[in-house]
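Student: What follows is a single structure, and I will ask about it in a moment.
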Amino acid sequence: MANKTYFFYSDPASGGVNTVDDPRELADNESPYILNMDVKNKGRVICRTGYELWGEVAVNFGGRGLHPYYRTYGANSGDYLLSYYGNGKAYYSTPTVGTPTEIGSLGTDSGSVRSATFGNTAVYGNGLAGNVTQSWAGTGASADVTNAPDSKVWGQVNHSLMGVGLTTPTTLQWSDIDEFNDWTTGIASNSTVGIGDGQDITWVGTVNDNPVVFKERSIFPIEISFDTSDICLRFAFKERKNSCGGCIATGSVVPIANSQGESAYYLSENGFEAYGVVENLAATNNPNSISFKINPTVRRTNFLYADKINAEKWEDKYICIVPFEHSQTNDYAFVQSLEFGSWTVYNGMNFADIKRFRDANQRDMLIAQSANEAKLFKFNNNFSDNGFGYERVFQSKTFTFGNRIKWEWLDVIGSKTIGSTIYVQIDVDGRTELYKINDSHLIKGAGGGFIGDNWVGDSYCGGGFPGNATPLYDYKARIAVKNIQYGNEFKFKVYNNGDGEGWSLRGYGYKVQGLNDEVATANTDSGYAYGIPYNT
């Protein structure tokens, strides 16, 4: 019988990473490996942006935590970013001055520091013996909060500040109403949560207006009453919720709003979960797994150092930085696209904490604190990690059709910054060929339109504005497979690591010729305009 030719085109990689299934069994929009890339609007994958130095302290200690503190009324009102370091001291920065100014001591053994803003005052501590909880109100030196527990788990429920003592990590304590300095009544009536279960309390707060306590492997909703005789709040703990694993890392908890309400994202020992009103998953306050497709990778987190894990919501992403495998500092990040629910991963960064903070124009910045140096970094729109390049990778699934296949060409559809070089590695049955794409293989539109004018192959290229010619929506580089055409399994990898050399992948396609009709029917050509031929 005559040979037949088949075409296949993939739309955006909105499925993200999937490390549960065999690479041959992935959906066409999934990948076994995406590194330092984000899934953005319409599902394209684009290199994560980099960062630049924002401020530093002249001490030889790494970071221990960040806290955005907004003093909203009264004397000394203003925006302050508190930062804590391994020298046991606290500092503040302002929206216009990133260089930190010292405000006081936390103690000689600082550890990770957690914070809360309560009663227009910042309260913070590290939960270590001999170090007194501190407060700061926007000026002068920090002050001791002598009656508070030596806690590194802080939260607010109604009008009380909640804390957990070092020597009683299963016991929740709370301040008097609107009084962060008065813990006498709260300590006298504190409550042990989950007696005898051997689990520490890791977080307390409200989710979708419902008070809740997270422990290492369980979740307890809170019921609140008001004691008129003592004029204080009383807390009772309901039967615990079933959970895949509870919250293993205090710093991983981030409230995420959605169209149905609010949920708390957090890391359990079995993967990431969401508790609350989880969009498209549940309409009640129950824990849901949200990372099952990457849980084999998540479980490679070094939970021995779970106290160092931190997370933040930034733009349309949930980002959680973790110590990976044998690392003792946060050298890896799990990133979920909140639009698609898909996951990617970052590496090459070593941060103690990441937090949003308002700039002088009331726009959010993402500030990262170095784990090894007393430096603060600000994420920007460039593709440079403070003057250095970083690795960026998109790996396709493994395509397989039959025993006698001829793979003819691969189309890479996307865009890149001017001057950058992208490498494409094609693999057929373990044999590889390497190609590259530079400026000569793509074109630049007169109007730009993707990220900025410093791009080639960007959207609207060819003058395709409304009312004008039809836009190409990215440009296609065609790569002809040469010496390794024949084989059963086909996959490809797009990557580079140059400083500032960002790129975006909108989709991809390939042509395969079935020999003697031993190929199952594939999708037909989707109608993309063909790009220029590219051989080497």
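FYI, nothing fancy with the structure tokens labels: chains A, B, ... in order, residues from 1 per chain, ligands from 1 as they appear.
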How would you write, as a PyMOL selection string, the set of residues in stretch 345-499 of chain A that DSSP gives as strand (DSSP E)?

Tutor: chain A and resi 345-358+364-370+375-379+392-395+399-400+405-417+422-428+431-437+455-456+475-480+489-496

Student: Using C-alpha atoms, can you export the residues from the last selection as a short mmCIF file (atom, residue, chain, number, x, y, z; two decimals), in the first residue's frame?

Tutor:
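Wrote part37.cif, looks like this:
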data_model
loop_
_atom_site.label_atom_id
_atom_site.label_comp_id
_atom_site.auth_asym_id
_atom_site.auth_seq_id
_atom_site.Cartn_x
_atom_site.Cartn_y
_atom_site.Cartn_z
CA VAL A 345 9.33 24.48 38.38
CA TYR A 346 12.15 26.99 38.93
CA ASN A 347 15.74 26.44 40.00
CA GLY A 348 18.95 28.48 40.08
CA MET A 349 17.69 30.68 42.92
CA ASN A 350 18.57 30.41 46.59
CA PHE A 351 16.09 32.47 48.58
CA ALA A 352 15.12 32.50 52.24
CA ASP A 353 11.78 34.20 51.54
CA ILE A 354 9.67 35.92 48.86
CA LYS A 355 7.02 38.55 49.55
CA ARG A 356 4.94 41.12 47.67
CA PHE A 357 5.55 44.73 48.68
CA ARG A 358 4.08 47.98 47.34
CA ASP A 364 3.17 45.37 43.81
CA MET A 365 6.79 44.31 43.61
CA LEU A 366 8.04 40.79 44.30
CA ILE A 367 10.98 40.97 46.70
CA ALA A 368 13.24 37.98 47.34
CA GLN A 369 15.66 37.60 50.23
CA SER A 370 18.92 35.73 49.71
CA LYS A 375 20.73 40.95 50.10
CA LEU A 376 17.26 41.77 48.82
CA PHE A 377 16.35 41.31 45.16
CA LYS A 378 13.47 42.75 43.13
CA PHE A 379 11.95 40.76 40.29
CA ARG A 392 15.36 27.50 30.54
CA VAL A 393 13.88 24.27 29.20
CA PHE A 394 10.71 22.95 27.58
CA GLN A 395 10.68 19.18 26.98
CA PHE A 399 5.39 10.75 20.46
CA THR A 400 5.07 7.23 19.12
CA ILE A 405 8.15 5.94 10.81
CA LYS A 406 9.88 8.75 8.99
CA TRP A 407 9.96 12.01 10.96
CA GLU A 408 10.41 14.80 8.40
CA TRP A 409 10.31 18.16 10.16
CA LEU A 410 9.49 20.00 13.39
CA ASP A 411 7.88 23.45 13.52
CA VAL A 412 8.71 25.57 16.57
CA ILE A 413 6.12 28.33 16.90
CA GLY A 414 6.94 31.24 19.18
CA SER A 415 9.04 34.32 19.75
CA LYS A 416 12.23 35.44 21.47
CA THR A 417 14.20 38.50 22.48
CA ILE A 422 17.46 29.14 21.14
CA TYR A 423 18.62 25.54 20.86
CA VAL A 424 16.38 22.70 19.73
CA GLN A 425 17.37 19.10 20.34
CA ILE A 426 15.49 16.43 18.40
CA ASP A 427 15.55 12.84 19.64
CA VAL A 428 14.49 9.81 17.60
CA ARG A 431 19.63 9.41 18.65
CA THR A 432 19.87 13.19 18.79
CA GLU A 433 20.50 16.15 16.51
CA LEU A 434 21.01 19.72 17.72
CA TYR A 435 19.76 22.85 15.93
CA LYS A 436 19.61 26.52 16.79
CA ILE A 437 17.27 29.43 16.07
CA TRP A 455 11.26 40.74 20.33
CA VAL A 456 11.31 38.81 17.07
CA TYR A 475 6.45 33.04 13.80
CA LYS A 476 7.33 29.51 12.86
CA ALA A 477 10.83 28.13 12.41
CA ARG A 478 10.81 24.85 10.50
CA ILE A 479 13.56 22.37 11.39
CA ALA A 480 14.16 19.54 8.95
CA GLU A 489 9.73 7.40 19.24
CA PHE A 490 10.14 11.14 18.72
CA LYS A 491 10.62 13.97 21.23
CA PHE A 492 12.25 17.38 21.29
CA LYS A 493 13.65 19.89 23.75
CA VAL A 494 13.80 23.70 23.43
CA TYR A 495 16.31 25.43 25.69
CA ASN A 496 18.91 28.15 26.27
#

Student: With the cut-off set at 10 Å and counting only C-alpha atoms, tabulate each residue of stretch 11-74 of chain A with an atom at most that distance from an atom of stretch 320-342 of chain A, showing the nearest atom pair and its distance in Å to one decimal, ordered by chain and increasing number, as a tab-separated table.

Tutor:
residue	atom	partner	partner_atom	distance
A:Ala13	CA	A:Ser342	CA	9.4
A:Ser14	CA	A:Phe340	CA	6.4
A:Gly15	CA	A:Ser342	CA	5.4
A:Gly16	CA	A:Ser342	CA	4.8
A:Val17	CA	A:Ser342	CA	7.0
A:Asn18	CA	A:Ser342	CA	8.8
A:Glu30	CA	A:Ser342	CA	9.0
A:Leu35	CA	A:Ala333	CA	9.9
A:Asn36	CA	A:Ala333	CA	9.1
A:Met37	CA	A:Val335	CA	9.3
A:Asp38	CA	A:Ser337	CA	7.4
A:Val39	CA	A:Ser337	CA	6.1
A:Lys40	CA	A:Ser337	CA	7.4
A:Asn41	CA	A:Glu339	CA	7.8
A:Lys42	CA	A:Phe340	CA	9.3
A:Gly43	CA	A:Phe340	CA	7.7

Student: Excluding stretch 134-147 of chain A and any residue of its chain fewer than 4 positions from it, enumerate the residues within 10 Å of it, using only C-alpha atoms, and give them as a PDB file with C-alpha atoms, in the first residue's frame.

Tutor:
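Writing done, so here's out-v1.pdb:
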ATOM      1  CA  TYR A  69       4.180  45.911  57.228  1.00  0.00           C
ATOM      2  CA  TYR A  70       1.725  48.647  56.322  1.00  0.00           C
ATOM      3  CA  ARG A  71       1.166  51.090  59.168  1.00  0.00           C
ATOM      4  CA  GLY A  74      -1.437  57.407  63.329  1.00  0.00           C
ATOM      5  CA  ALA A  75       2.114  58.618  63.810  1.00  0.00           C
ATOM      6  CA  ASN A  76       4.859  56.976  61.729  1.00  0.00           C
ATOM      7  CA  SER A  77       2.332  55.713  59.169  1.00  0.00           C
ATOM      8  CA  GLY A  78       3.896  54.286  56.040  1.00  0.00           C
ATOM      9  CA  ASP A  79       4.897  51.169  54.137  1.00  0.00           C
ATOM     10  CA  TYR A  80       7.763  49.110  55.540  1.00  0.00           C
ATOM     11  CA  LEU A  82      10.756  44.103  57.558  1.00  0.00           C
ATOM     12  CA  LYS A  89      18.642  41.478  64.027  1.00  0.00           C
ATOM     13  CA  ALA A  90      15.606  43.012  62.321  1.00  0.00           C
ATOM     14  CA  TYR A  91      15.660  45.744  59.662  1.00  0.00           C
ATOM     15  CA  TYR A  92      13.224  47.731  57.557  1.00  0.00           C
ATOM     16  CA  GLU A 102      18.395  48.213  61.625  1.00  0.00           C
ATOM     17  CA  ILE A 103      15.585  48.396  64.201  1.00  0.00           C
ATOM     18  CA  GLY A 104      16.551  45.876  66.891  1.00  0.00           C
ATOM     19  CA  SER A 105      17.696  42.451  68.031  1.00  0.00           C
ATOM     20  CA  LEU A 106      15.875  39.108  67.891  1.00  0.00           C
ATOM     21  CA  SER A 115       5.465  37.834  61.609  1.00  0.00           C
ATOM     22  CA  ALA A 116       1.991  39.354  61.821  1.00  0.00           C
ATOM     23  CA  THR A 117       0.543  42.844  61.712  1.00  0.00           C
ATOM     24  CA  PHE A 118      -1.872  43.342  64.607  1.00  0.00           C
ATOM     25  CA  GLY A 119      -3.357  46.517  66.007  1.00  0.00           C
ATOM     26  CA  ASN A 120      -1.341  48.612  63.533  1.00  0.00           C
ATOM     27  CA  THR A 121       1.862  47.066  64.942  1.00  0.00           C
ATOM     28  CA  ALA A 122       4.253  44.467  63.553  1.00  0.00           C
ATOM     29  CA  VAL A 123       4.804  41.466  65.851  1.00  0.00           C
ATOM     30  CA  TYR A 124       7.499  38.899  65.083  1.00  0.00           C
ATOM     31  CA  GLY A 125       9.532  36.089  66.581  1.00  0.00           C
ATOM     32  CA  ASN A 126      11.411  32.918  65.824  1.00  0.00           C
ATOM     33  CA  SER A 175      -4.076  37.607  73.199  1.00  0.00           C
ATOM     34  CA  PHE A 180      -1.094  42.173  71.299  1.00  0.00           C
ATOM     35  CA  ASN A 181       0.713  42.951  74.586  1.00  0.00           C
ATOM     36  CA  ASP A 182      -1.872  41.297  76.860  1.00  0.00           C
ATOM     37  CA  TRP A 183      -1.756  37.507  76.804  1.00  0.00           C
ATOM     38  CA  THR A 184      -2.725  36.841  80.433  1.00  0.00           C
ATOM     39  CA  ILE A 187      -2.734  31.927  78.198  1.00  0.00           C
TER      40      ILE A 187
END

Student: Would you mind telling me which residue in A:Tyr51, A:Tyr84, A:Tyr508, A:Trp343 lies nearest to A:Gly65 when using only C-alpha atoms?

Tutor: A:Tyr84

Student: So that I can check the surroundings of A:Val20, please list as a ChimeraX atom specification every protein, DNA and RNA residue that reaches within 9 Å of it, counting only C-alpha atoms and ignoring chain neighbours fewer than 4 positions away.

Tutor: /A:32,292-297

Student: Keeping only all heavy atoms, write the selected residues to a file as a short mmCIF file (atom, residue, chain, number, x, y, z; two decimals), in the first residue's frame.

Tutor:
data_model
loop_
_atom_site.label_atom_id
_atom_site.label_comp_id
_atom_site.auth_asym_id
_atom_site.auth_seq_id
_atom_site.Cartn_x
_atom_site.Cartn_y
_atom_site.Cartn_z
N PRO A 32 6.95 16.37 30.42
CA PRO A 32 7.59 15.72 31.57
C PRO A 32 8.59 16.62 32.30
O PRO A 32 9.02 16.30 33.40
CB PRO A 32 8.30 14.52 30.93
CG PRO A 32 8.62 14.97 29.55
CD PRO A 32 7.48 15.86 29.14
N PHE A 292 -1.51 16.60 42.10
CA PHE A 292 -1.31 15.17 41.93
C PHE A 292 -0.45 14.83 40.72
O PHE A 292 0.24 13.81 40.71
CB PHE A 292 -2.65 14.44 41.86
CG PHE A 292 -3.52 14.84 40.70
CD1 PHE A 292 -3.49 14.13 39.51
CD2 PHE A 292 -4.39 15.91 40.80
CE1 PHE A 292 -4.28 14.49 38.44
CE2 PHE A 292 -5.19 16.28 39.74
CZ PHE A 292 -5.13 15.57 38.55
N LYS A 293 -0.47 15.68 39.68
CA LYS A 293 0.32 15.38 38.48
C LYS A 293 1.82 15.54 38.70
O LYS A 293 2.62 15.01 37.92
CB LYS A 293 -0.11 16.27 37.32
CG LYS A 293 -1.46 15.89 36.73
CD LYS A 293 -1.75 16.67 35.48
CE LYS A 293 -3.06 16.24 34.84
NZ LYS A 293 -3.35 16.98 33.59
N ILE A 294 2.24 16.27 39.75
CA ILE A 294 3.67 16.45 40.01
C ILE A 294 4.06 15.95 41.40
O ILE A 294 5.17 16.21 41.85
CB ILE A 294 4.10 17.93 39.86
CG1 ILE A 294 3.35 18.82 40.88
CG2 ILE A 294 3.91 18.41 38.46
CD1 ILE A 294 3.99 20.17 41.05
N ASN A 295 3.18 15.22 42.07
CA ASN A 295 3.48 14.79 43.44
C ASN A 295 4.75 13.94 43.57
O ASN A 295 5.45 14.04 44.58
CB ASN A 295 2.29 14.06 44.04
CG ASN A 295 1.24 15.01 44.57
OD1 ASN A 295 1.49 16.22 44.69
ND2 ASN A 295 0.06 14.51 44.89
N PRO A 296 5.10 13.10 42.59
CA PRO A 296 6.38 12.40 42.73
C PRO A 296 7.57 13.35 42.86
O PRO A 296 8.54 13.05 43.55
CB PRO A 296 6.47 11.57 41.44
CG PRO A 296 5.05 11.36 41.03
CD PRO A 296 4.35 12.64 41.41
N THR A 297 7.49 14.50 42.19
CA THR A 297 8.56 15.49 42.30
C THR A 297 8.44 16.28 43.59
O THR A 297 9.46 16.55 44.25
CB THR A 297 8.50 16.46 41.09
OG1 THR A 297 8.48 15.70 39.89
CG2 THR A 297 9.72 17.37 41.08
#

Student: Per DSSP on the backbone, filter stretch 1-128 of chain A down to the residues in helix (DSSP H, G or I) and report them as a list in words.

Tutor: Pro23, Arg24, Glu25, Asn41, Lys42 and Gly43 of chain A

Student: If you count only C-alpha atoms, which residues fall within 8 Å of A:Ser93, apart from same-chain ones fewer than 6 positions away, as a list in words?

Tutor: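 Final neighbour list, sorted by chain and number: Tyr80, Leu81, Leu82, Ser83, Thr99, Pro100 and Thr101 of chain A.
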
Student: Could you tell me how far atom CA of A:Arg300 sits from atom CA of A:Glu273, in Å to one decimal place?

Tutor: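 Interatomic distance here is 16.3 Å.
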
Student: Neighbours of A:Ile256 within 10 Å (only C-alpha atoms; same-chain residues fewer than 5 positions away dropped), as number ranges by chain?

Tutor: A: 207-208, 261-265, 274-278, 312-313, 317-318, 338

Student: Tell me, in Å to one decimal, how far atom CA of A:Arg217 is from atom CA of A:Val113.

Tutor: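 Atom CA of A:Val113 lies at a distance of 22.3 Å from atom CA of A:Arg217.
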
Student: To one decimal in Å, tell me the separation between atom CA of A:Ala311 and atom CA of A:Asp21.

Tutor: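 Between atom CA of A:Ala311 and atom CA of A:Asp21 the gap works out to 26.7 Å.
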
Student: Taking into account only C-alpha atoms, which residue in the set A:Leu505, A:Val157, A:Asp385, A:Tyr510 is nearest to A:Val213?

Tutor: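 For A:Val213, the nearest of the candidates is A:Val157.
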
Student: Taking into account only C-alpha atoms, which residue in the set A:Ala148, A:Val59, A:Ala371, A:Ser420 is nearest to A:Asn310?

Tutor: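 Closest residue, counting only C-alpha atoms: A:Ala371.
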